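To keep things clear, I will list the structure first and then write my remarks on it.
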Amino acid sequence: MAILKVEPLTTARALRGPFDYRRPAAMEDLEVGSVVRVPFGPRRLLGVVVDFADASELPLERLAEPIEALEAGAPPELVGLGLWVAREYCSTPSRGLQLVLPPGTGTGSGRPTRAKVELRAEILPAGEAALSGGERLGVKQRAALEALRAGELSARELASAVGADRQTLRRLEQRGLVATRDSRLRRAPGGAALTAPAERPRLLPEQQAAVEAIVAALDGDAGAPRRQLLHGVTGSGKTEVYLAAVEAALERGHGAIVLVPEIGLAPQAVARFRARLGDRFAVLHSALSAGERYDEWQRLRSGEASVCVGPRSAVFAPVRDLGLIVIDEEHDPSYKQEGDPTYDARAVARRRAEVSDAVLVAGTATPRPESWLELPRLELPKLRMPPVHLVDMREADPRSGPIHPETWAALEAVRVAGTKAIVMINRRGFAPWLNCRSCGHHWSCPNCDVSLIVHRHSGRLVCHHCAHVEVAPRACTECGSTTLSRAGAGTERIEALLAERLGPMPIFRLDSDTAAGRGAHARILARFGEAPSAVLVGTQMVAKGHDFPEVTLSAILDADATLRFPDFRAEERTFAMVAQLAGRSGRGEAGGEVIVQTLAPNAASIEHASRHDSAGFLAGELERRQRLHYPPYSHLVRINFSAEVEARVETAATGLATELRRTLPEGSELLGPAPMFRVRNRHRRRVLIKADDREATVGAVREAVESRAADRSLREVSIGVDVDPQ
Ligand code: ADP
Ligand code: ZN
Ligand code: ZN
């Protein structure tokens, strides 16, 4: 076919591709997904070939030819998926295609950095014999052989351990005493430090049944559902089921994708996959260097590796002959991308599974209402769960502080018993408010409509929405008074209170401040794991990605904090959070208990979580969603407006809302614009649409937004569309 349909890689929204180009004879081997450099008006752009055609609306001789074809390209089978994401999430084809291209394409950063290659050496039987048989060996040669007896080492490790340089290694190899090979250095953040057993345990009957159901689907048995929900509390053996299912897919010649929440939070799970799958395993994550990411991508694309483990973006991994997609912790909010395109990896996984005829397994202890409603369930055994004790903070004496006397008593008991406790609070820093007791002055962010948070450790006031930081004042900047009150509590204050009362028992704090450096998160968990008796205090991070049998108490200090978010998913989030934390206590022989401090003991989420009752919670929640016309009984589309000048936002938001009220299809309801607020010195307003017909609604929104992309008076207003907002 003589015509190429090329979608330019550009951020401009107003450009409506694809554009036609003539295919030169020299570019016969172009495929869908190939990247070409094309003339575009006076410019040159990179573009992706998305289709071929026999004819164009323009005469052939008026069409331009691509200037060159690049080596890199998207896998042809993923081009459609990238374009689907663009349509589904009201983004541009360029942004959608970027998701399926090799890392680094078209970003202007040029060629990806070269793969790091490392020379690895291993001792051979002849080398062993040489050592014991008194063969003549140089000092360095002998030292190198001795060192290699303990196991394979890299050239660099040998050099630093025994001073054996490459020259020494080459001589040993020439004498047939060692074998060397090049290996690509592969690293996975947080995963490399941990090792995990590679043996397969004998599956429990429920695990076996779940695996059989998945295998039946892999084998294409009629009646075996293509999508399934694996429901089981933390520790009930879901990961073992995923591993067995992935192995079954591999045996059948298929590849697999395993999605996990932010990988830094699940080092133990990644280590288990690595241990079981060895070289067939690849990991894709934004914390990898550009070169590492490119390597892993190519290993998958070439078929050298066939299983990809990674966070949401791994749903686009170029796995060949995809047979299985697993979504671990499917309730986790990190599956939703915040920036454009605002895709939801769970929805993309579903689409990808459909078009590649793969099987989808979503696993969690706390399913989303939509999954509970739509997917057939595989149930793992219910484990003995610790009793949950609700502490009503409405009746607490305010002078006793953020930790209730009952919670203190339980913590004291942990210290006496020499076990461990986990304490969670939803806010980092020391205190969420700083006020002057004399004049009432309140410290808030100059760029955002929020309070500044007191961080005592660094002696600063910090905005948690923007980068604003200032030195914490000793006296009031308005009246000079030195009686300042730091109200409320965050992780730092709780850490200090615990240390004061429970010391010398070690207290470890885990939040995004202490876990900032590479590997810091895993280190804190490891130290907590090694300590004989200790408390781990932190934000929601403390409820994820670990398993410590010595924990006999877990406590959440502000279980209703997440309920106060103005979001229809607040109940669902709160339930998941309390249930996840509850699952961290009493895993060992000693049993355990859970304390939930709350101002809302009667909230459905908290009540059901305290009884470990997912089914009851979900039934009620689905009923509420239906009544209020929320997902899964409708689709949501949010439009975000922002600009430095308040009046511009005002004009854009009200204008678009008025237009949409006219053009939206029947069954769509437009709410807002909601009140103005300010973050990072930009004024913001939002409009929310509840829709029955998703496609028609997204279409109408796209029309309205794109017609404004060319409007010069709105140039400074950024308009973002978030489909299925979280
Ligand atoms: P989940 O993913 O639901 O949290 P895991 O698969 O991690 O559960 O299992 C929890 C623990 O129990 C792990 O240490 C795992 O190795 C172990 N385990 C799981 N299934 C079995 C089994 N069939 N036999 C023995 N140990 C098992
Ligand atoms: Zn004052
Ligand atoms: Zn701010």
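To be explicit about the labels: the chains of the structure tokens are called A, B, and onward in the order shown, and within each one the residues are counted from 1, while ligands get numbers from 1 in the order they are shown.
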Skip A:Glu669 itself and residues of its chain fewer than 2 positions away, then list as a VMD selection string all residues within 12 Å of it, counting only C-alpha atoms.
chain A and resid 628 to 630 634 to 638 657 660 to 667 671 to 672 687 to 694 697
Residue contacts of stretch 49-63 of chain A (12 Å, only C-alpha atoms) excluding same-chain residues fewer than 6 positions away, as a PyMOL selection string:
chain A and resi 1-9+17-24+27-41+69-70+72-83+93-94+96-97+101
So which one's closest to ligand 2, A:Asn602, A:Gln298, A:Thr482, A:Thr366? Using only C-alpha atoms and all ligand atoms, please.
A:Thr482
Closest atom pairs, chain A residues within 9 Å of ligand 1, only C-alpha atoms and all ligand atoms, as JSON lines:
{"residue": "A:Pro197", "atom": "CA", "partner": "ligand 1", "partner_atom_place_in_ligand_line": "16 (O)", "distance": 8.2}
{"residue": "A:Arg200", "atom": "CA", "partner": "ligand 1", "partner_atom_place_in_ligand_line": "22 (C)", "distance": 8.1}
{"residue": "A:Pro201", "atom": "CA", "partner": "ligand 1", "partner_atom_place_in_ligand_line": "24 (N)", "distance": 4.6}
{"residue": "A:Arg202", "atom": "CA", "partner": "ligand 1", "partner_atom_place_in_ligand_line": "23 (N)", "distance": 4.9}
{"residue": "A:Leu203", "atom": "CA", "partner": "ligand 1", "partner_atom_place_in_ligand_line": "23 (N)", "distance": 3.6}
{"residue": "A:Leu204", "atom": "CA", "partner": "ligand 1", "partner_atom_place_in_ligand_line": "23 (N)", "distance": 4.7}
{"residue": "A:Pro205", "atom": "CA", "partner": "ligand 1", "partner_atom_place_in_ligand_line": "23 (N)", "distance": 8.4}
{"residue": "A:Gln207", "atom": "CA", "partner": "ligand 1", "partner_atom_place_in_ligand_line": "23 (N)", "distance": 7.0}
{"residue": "A:Gln208", "atom": "CA", "partner": "ligand 1", "partner_atom_place_in_ligand_line": "23 (N)", "distance": 8.6}
{"residue": "A:His231", "atom": "CA", "partner": "ligand 1", "partner_atom_place_in_ligand_line": "3 (O)", "distance": 8.6}
{"residue": "A:Gly232", "atom": "CA", "partner": "ligand 1", "partner_atom_place_in_ligand_line": "3 (O)", "distance": 6.0}
{"residue": "A:Val233", "atom": "CA", "partner": "ligand 1", "partner_atom_place_in_ligand_line": "3 (O)", "distance": 5.9}
{"residue": "A:Thr234", "atom": "CA", "partner": "ligand 1", "partner_atom_place_in_ligand_line": "4 (O)", "distance": 3.8}
{"residue": "A:Gly235", "atom": "CA", "partner": "ligand 1", "partner_atom_place_in_ligand_line": "4 (O)", "distance": 3.5}
{"residue": "A:Ser236", "atom": "CA", "partner": "ligand 1", "partner_atom_place_in_ligand_line": "3 (O)", "distance": 4.1}
{"residue": "A:Gly237", "atom": "CA", "partner": "ligand 1", "partner_atom_place_in_ligand_line": "6 (O)", "distance": 3.2}
{"residue": "A:Lys238", "atom": "CA", "partner": "ligand 1", "partner_atom_place_in_ligand_line": "3 (O)", "distance": 3.7}
{"residue": "A:Thr239", "atom": "CA", "partner": "ligand 1", "partner_atom_place_in_ligand_line": "6 (O)", "distance": 3.6}
{"residue": "A:Glu240", "atom": "CA", "partner": "ligand 1", "partner_atom_place_in_ligand_line": "6 (O)", "distance": 4.3}
{"residue": "A:Val241", "atom": "CA", "partner": "ligand 1", "partner_atom_place_in_ligand_line": "6 (O)", "distance": 6.9}
{"residue": "A:Tyr242", "atom": "CA", "partner": "ligand 1", "partner_atom_place_in_ligand_line": "6 (O)", "distance": 8.1}
{"residue": "A:Leu243", "atom": "CA", "partner": "ligand 1", "partner_atom_place_in_ligand_line": "6 (O)", "distance": 8.6}
{"residue": "A:Gln268", "atom": "CA", "partner": "ligand 1", "partner_atom_place_in_ligand_line": "7 (O)", "distance": 8.8}
{"residue": "A:Ala269", "atom": "CA", "partner": "ligand 1", "partner_atom_place_in_ligand_line": "7 (O)", "distance": 7.4}
{"residue": "A:Arg272", "atom": "CA", "partner": "ligand 1", "partner_atom_place_in_ligand_line": "16 (O)", "distance": 8.7}
{"residue": "A:Asp328", "atom": "CA", "partner": "ligand 1", "partner_atom_place_in_ligand_line": "2 (O)", "distance": 8.2}
{"residue": "A:Glu329", "atom": "CA", "partner": "ligand 1", "partner_atom_place_in_ligand_line": "2 (O)", "distance": 8.9}
{"residue": "A:Gly363", "atom": "CA", "partner": "ligand 1", "partner_atom_place_in_ligand_line": "3 (O)", "distance": 8.3}
{"residue": "A:Thr364", "atom": "CA", "partner": "ligand 1", "partner_atom_place_in_ligand_line": "3 (O)", "distance": 7.6}
{"residue": "A:Ala365", "atom": "CA", "partner": "ligand 1", "partner_atom_place_in_ligand_line": "3 (O)", "distance": 7.7}
{"residue": "A:Leu380", "atom": "CA", "partner": "ligand 1", "partner_atom_place_in_ligand_line": "3 (O)", "distance": 8.3}
{"residue": "A:Gly545", "atom": "CA", "partner": "ligand 1", "partner_atom_place_in_ligand_line": "4 (O)", "distance": 8.7}
{"residue": "A:His546", "atom": "CA", "partner": "ligand 1", "partner_atom_place_in_ligand_line": "4 (O)", "distance": 8.8}
{"residue": "A:Asp547", "atom": "CA", "partner": "ligand 1", "partner_atom_place_in_ligand_line": "14 (O)", "distance": 7.9}
Show me, as number ranges by chain, the residues that have an atom within 9 Å of A:Leu360 when counting only C-alpha atoms, minus same-chain residues fewer than 2 positions from it.
A: 214, 226-229, 323-327, 349-350, 353-354, 358, 362
As a PyMOL selection string, list the residues of stretch 349-407 of chain A assigned to alpha helix (DSSP H) by DSSP on the backbone atoms of this structure.
chain A and resi 349-355+369-374+405-407
Within-10 Å residues of ligand 2, basis only C-alpha atoms and all ligand atoms, as a count of residues only
18
So which residues touch A:Gln597 within 7 Å, counting only C-alpha atoms, skipping near sequence neighbours fewer than 6 positions away, as number ranges by chain?
A: 390-393, 556-559
Store the residues picked out above, limited to N, CA, C and O atoms, as an mmCIF file, in the first residue's frame.
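Saved result, again08.cif, follows:
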data_model
loop_
_atom_site.group_PDB
_atom_site.id
_atom_site.type_symbol
_atom_site.label_atom_id
_atom_site.label_comp_id
_atom_site.auth_asym_id
_atom_site.auth_seq_id
_atom_site.Cartn_x
_atom_site.Cartn_y
_atom_site.Cartn_z
ATOM 1 N N LEU A 390 -12.994 -0.681 68.526
ATOM 2 C CA LEU A 390 -13.221 0.710 68.125
ATOM 3 C C LEU A 390 -13.132 1.615 69.348
ATOM 4 O O LEU A 390 -13.764 1.349 70.360
ATOM 5 N N VAL A 391 -12.346 2.685 69.243
ATOM 6 C CA VAL A 391 -12.252 3.645 70.337
ATOM 7 C C VAL A 391 -12.876 4.955 69.861
ATOM 8 O O VAL A 391 -12.416 5.555 68.895
ATOM 9 N N ASP A 392 -13.934 5.352 70.545
ATOM 10 C CA ASP A 392 -14.688 6.541 70.135
ATOM 11 C C ASP A 392 -13.996 7.805 70.645
ATOM 12 O O ASP A 392 -14.033 8.111 71.826
ATOM 13 N N MET A 393 -13.373 8.538 69.752
ATOM 14 C CA MET A 393 -12.601 9.712 70.171
ATOM 15 C C MET A 393 -13.486 10.919 70.476
ATOM 16 O O MET A 393 -13.008 11.917 70.995
ATOM 17 N N ILE A 556 -4.754 2.412 64.468
ATOM 18 C CA ILE A 556 -4.888 3.555 63.580
ATOM 19 C C ILE A 556 -5.479 4.690 64.404
ATOM 20 O O ILE A 556 -6.465 4.501 65.104
ATOM 21 N N LEU A 557 -4.820 5.854 64.352
ATOM 22 C CA LEU A 557 -5.174 6.917 65.287
ATOM 23 C C LEU A 557 -6.265 7.844 64.755
ATOM 24 O O LEU A 557 -6.932 8.519 65.523
ATOM 25 N N ASP A 558 -6.438 7.914 63.443
ATOM 26 C CA ASP A 558 -7.417 8.842 62.871
ATOM 27 C C ASP A 558 -8.165 8.160 61.719
ATOM 28 O O ASP A 558 -8.058 8.577 60.574
ATOM 29 N N ALA A 559 -8.902 7.122 62.054
ATOM 30 C CA ALA A 559 -9.506 6.292 61.012
ATOM 31 C C ALA A 559 -10.526 7.032 60.167
ATOM 32 O O ALA A 559 -10.896 6.573 59.097
#
Counting only C-alpha atoms and all ligand atoms, what are the residues, protein, DNA or RNA alike, that approach ligand 3 to within 7 Å? I want them as a PyMOL selection string.
chain A and resi 445-448+450+463-468+679-680
Selected residue of minimal separation from A:Ser718 among A:Leu284, A:Met505, A:Ala652, A:Ala561, counting only C-alpha atoms:
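Checking each of A:Leu284, A:Met505, A:Ala652, A:Ala561 against A:Ser718, counting only C-alpha atoms, the winner is A:Ala652.
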